[in-house]
Amino acid sequence: MKSKKMLAAALAVGCLAPVALVVGGGLVGLGLLAGEDSGSDALCADSSLSVSVDGQVSGVGSYSPKAVEQAAIILTVGEAEGISARGQLVALMTAMQESHLGDHPSTFSPDENGDAGVFQQRQLPGWYGTLEEVTDTAYAAKVFYKGKTLTEEVPGGAGPKGYHIPGLVNVDGWESLPPTVAAQRVQRSGHPQAYAKHEAEARQIIAALANVDAEIDQTQPGSAVCGAEGGGGASAAMGDIAAVLERAETTLGQTYVFGGGGWDGPTNGGQDCSGLTTYSYMASGVRLPRTARAQWAALRSYEVSPSEAQPGDLIFEAWGRLGAEVSHVAIYTGDGQMIEASRGAAVTKFSPARLSGDQFVGIARVPDGFTE
């Protein structure tokens with residue numbers, strides 16, 4: 001099946017206009033604001049989209065038609081991943097600075113640091129991926145947006161097995177940061193102010209793509225959608241659990257409000273940890289108890305070990321003195337990650353899953369047909 005998306009984002013006053021989705025020949029506007037779900041299927045962990053670009057692609061300024069095509073791929077992957085228009089702008093500015101959107105002659109061969117691709121991601125063992133992967137613009141864009149979890153420990157790598165190299169969505173409060181600052185938090189460039197100069201031209205490129213179709217071919221190996229034997233993580237979840245995770249992701253960036261949120265969504269301007277879990281599980285028709293403590297009491301008989309954790313499982317913690325009662329809950333999304341309404345960060349965000357430590361209480365799986 002092919003999912004066809006038109007890059008109809010155009011310049012608006014001070015912001016990006018919504019991207020449009022072609023559905024059955026009609027054009028439906030999608031407001032890709034922070035925290036909204038694009039309605040697209042999730043990507044497999046560490047896989048690429050199979051993206052093709054149709055329509056008249058022209059050069060913009062010093063950027064070749066091929067470079068503008070790379071921009072179309074970056075925006076399409078961002079839309080498929082539910083990244084806001086602002087986030088797509090950050091990614092585009094980053095690729096413009098790092099590789100001139102692929103026009104720089106050294107883009108597709110590693111530099112002295114082992115970096116390559118439009119985002120200049122390290123392709124050494126234990127980093128972002130192979131040379132083939134990081135020079136695939138769709139893969140590179142996915143990793144820029146969502147980061148990369150290491151599946152093995154390699155001397156000289158970015159970190160130990162299970163470490164998550166942060167992507168844009170892992171940067172606390174990135175939605176409220178200036179685009180150049182958000183880009184730097186991901187890239188850690190030696191020239192942190194360099195991204196800002198690309199914002200105006202990035203918007204021109206987006207405007208130039210207004211009538212270009214980008215196709216996502218989900219039938220291709222390693223493209224958009226994983227089956228039950230897919231790459232793990234949130235994208236491997238199917239059916240009701242996929243709906244739970246998708247709903248949880250719609251609240252990314254939501255302000256933390258103690259006691260906020262519930263079965264119908266955020267309230268009083270935000271949500272807390274159990275507000276997130278109750279709202280997310282209502283997507284599957286499951287009504288969880290409203291507090292983290294009550295959820296653990298109801299589900300502890302369905303406890304699983306950390307080695308058995310699957311997407312959708314709930315992670316329970318007790319912060320404070322040793323032996324304190326449960327005070328926090330998060331949703332495991334796979335690949336060593338979880339989504340939580342974090343009191344410390346003051347927002348709902350992705351975090352490395354905390355599956356051990358003094359604060360760890362246990363992991364519980366919500367059974368089919370669970371009722372409060």
# chains A, B, ... in the order shown; residues from 1 in each chain; ligands from 1
>>> residues_around(residues="A:Arg287", least_positions_apart="3", cutoff="10 Å", atoms="only C-alpha atoms", output="list of chain:residue names")
A:Gly262, A:Trp263, A:Thr277, A:Thr278, A:Tyr279, A:Ser280, A:Tyr281, A:Met282, A:Ala283, A:Ser284, A:Arg290, A:Phe370, A:Thr371, A:Glu372
>>> write_last_selection(atoms="N, CA and C atoms", output="compact mmCIF listing (two decimals), in the first residue's frame")
# COMPACT_ATOMS: atom_id res chain seq x y z
N GLY A 262 -6.59 12.81 32.96
CA GLY A 262 -7.41 11.67 33.37
C GLY A 262 -7.87 10.91 32.15
N TRP A 263 -8.99 10.21 32.28
CA TRP A 263 -9.46 9.34 31.20
C TRP A 263 -9.80 10.10 29.92
N THR A 277 -1.10 7.90 31.74
CA THR A 277 -1.38 6.49 31.53
C THR A 277 -2.88 6.21 31.42
N THR A 278 -3.70 6.90 32.22
CA THR A 278 -5.14 6.66 32.13
C THR A 278 -5.69 7.12 30.78
N TYR A 279 -5.25 8.28 30.31
CA TYR A 279 -5.71 8.78 29.02
C TYR A 279 -5.24 7.87 27.89
N SER A 280 -3.99 7.43 27.96
CA SER A 280 -3.44 6.59 26.89
C SER A 280 -4.19 5.27 26.80
N TYR A 281 -4.46 4.64 27.92
CA TYR A 281 -5.10 3.32 27.88
C TYR A 281 -6.59 3.39 27.53
N MET A 282 -7.20 4.56 27.67
CA MET A 282 -8.58 4.69 27.20
C MET A 282 -8.68 4.52 25.70
N ALA A 283 -7.56 4.70 24.98
CA ALA A 283 -7.55 4.48 23.52
C ALA A 283 -7.84 3.02 23.19
N SER A 284 -7.59 2.12 24.13
CA SER A 284 -7.87 0.70 23.91
C SER A 284 -9.12 0.26 24.66
N ARG A 290 -7.03 5.89 38.66
CA ARG A 290 -6.52 7.22 38.32
C ARG A 290 -5.13 7.53 38.87
N PHE A 370 -9.02 -6.01 31.00
CA PHE A 370 -8.87 -5.48 32.37
C PHE A 370 -9.96 -4.46 32.65
N THR A 371 -10.53 -4.53 33.83
CA THR A 371 -11.47 -3.52 34.32
C THR A 371 -11.04 -3.08 35.69
N GLU A 372 -11.27 -1.82 35.95
CA GLU A 372 -10.84 -1.22 37.21
C GLU A 372 -11.52 -1.87 38.40
>>> atom_distance(atom1="atom CA of A:Ala116", atom2="atom CA of A:Gly334")
27.3 Å
>>> residues_around(residues="stretch 120-135 of chain A", least_positions_apart="3", cutoff="8 Å", atoms="only C-alpha atoms", output="ChimeraX atom specification")
/A:98-99,107-110,113-117,139-140,143,148,150,152-159,165
>>> residues_around(residues="stretch 297-305 of chain A", least_positions_apart="3", cutoff="6 Å", atoms="only C-alpha atoms", output="list in words")
Ala294, Glu308, Ile363, Ala364 and Arg365 of chain A
>>> write_last_selection(atoms="N, CA and C atoms", output="mmCIF file, in the first residue's frame")
data_model
loop_
_atom_site.group_PDB
_atom_site.id
_atom_site.type_symbol
_atom_site.label_atom_id
_atom_site.label_comp_id
_atom_site.auth_asym_id
_atom_site.auth_seq_id
_atom_site.Cartn_x
_atom_site.Cartn_y
_atom_site.Cartn_z
ATOM 1 N N ALA A 294 -2.673 3.386 42.856
ATOM 2 C CA ALA A 294 -3.829 2.505 42.633
ATOM 3 C C ALA A 294 -3.611 1.608 41.411
ATOM 4 N N GLU A 308 11.536 -9.159 30.243
ATOM 5 C CA GLU A 308 10.334 -9.526 29.491
ATOM 6 C C GLU A 308 9.513 -8.316 29.071
ATOM 7 N N ILE A 363 7.365 -3.731 36.896
ATOM 8 C CA ILE A 363 6.732 -3.534 35.599
ATOM 9 C C ILE A 363 5.495 -4.408 35.561
ATOM 10 N N ALA A 364 4.383 -3.839 35.129
ATOM 11 C CA ALA A 364 3.137 -4.619 35.045
ATOM 12 C C ALA A 364 2.563 -4.518 33.642
ATOM 13 N N ARG A 365 1.977 -5.604 33.200
ATOM 14 C CA ARG A 365 1.339 -5.646 31.880
ATOM 15 C C ARG A 365 -0.174 -5.611 32.063
#
>>> residues_around(residues="A:Glu69", least_positions_apart="2", cutoff="9 Å", atoms="only C-alpha atoms", output="list in words")
Val53, Val57, Ser58, Ser64, Pro65, Lys66, Ala67, Ala71, Ala72, Ile73, Ile74, Leu101 and Leu209 of chain A
>>> write_last_selection(atoms="C-alpha atoms", output="mmCIF file, in the first residue's frame")
data_model
loop_
_atom_site.group_PDB
_atom_site.id
_atom_site.type_symbol
_atom_site.label_atom_id
_atom_site.label_comp_id
_atom_site.auth_asym_id
_atom_site.auth_seq_id
_atom_site.Cartn_x
_atom_site.Cartn_y
_atom_site.Cartn_z
ATOM 1 C CA VAL A 53 9.355 12.339 -4.557
ATOM 2 C CA VAL A 57 11.470 19.966 -7.948
ATOM 3 C CA SER A 58 13.454 23.130 -8.620
ATOM 4 C CA SER A 64 20.270 22.126 -6.304
ATOM 5 C CA PRO A 65 17.037 20.304 -7.228
ATOM 6 C CA LYS A 66 18.590 17.163 -5.707
ATOM 7 C CA ALA A 67 19.148 19.008 -2.426
ATOM 8 C CA ALA A 71 14.499 18.391 2.006
ATOM 9 C CA ALA A 72 11.238 16.806 0.846
ATOM 10 C CA ILE A 73 12.339 13.469 2.308
ATOM 11 C CA ILE A 74 13.290 15.070 5.642
ATOM 12 C CA LEU A 101 21.390 19.347 2.054
ATOM 13 C CA LEU A 209 7.762 22.147 -2.095
#
>>> atom_distance(atom1="atom CA of A:Leu168", atom2="atom CA of A:Ala182")
7.2 Å
>>> select_by_dssp(residues="stretch 37-283 of chain A", states="strand (DSSP E or B)", output="JSON, numbers by chain")
{"A": [51, 52, 53, 54, 60, 63, 115, 116, 121, 122, 148, 149, 164, 165, 213, 214, 215, 216, 217, 255, 256, 267, 270, 271]}
>>> residues_around(residues="A:Val326", least_positions_apart="5", cutoff="9 Å", atoms="only C-alpha atoms", output="ChimeraX atom specification")
/A:292-294,296,316-319,359,361
>>> residues_around(residues="A:Gly253", least_positions_apart="5", cutoff="9 Å", atoms="only C-alpha atoms", output="PyMOL selection string")
chain A and resi 34-35+172-175+341+346-349
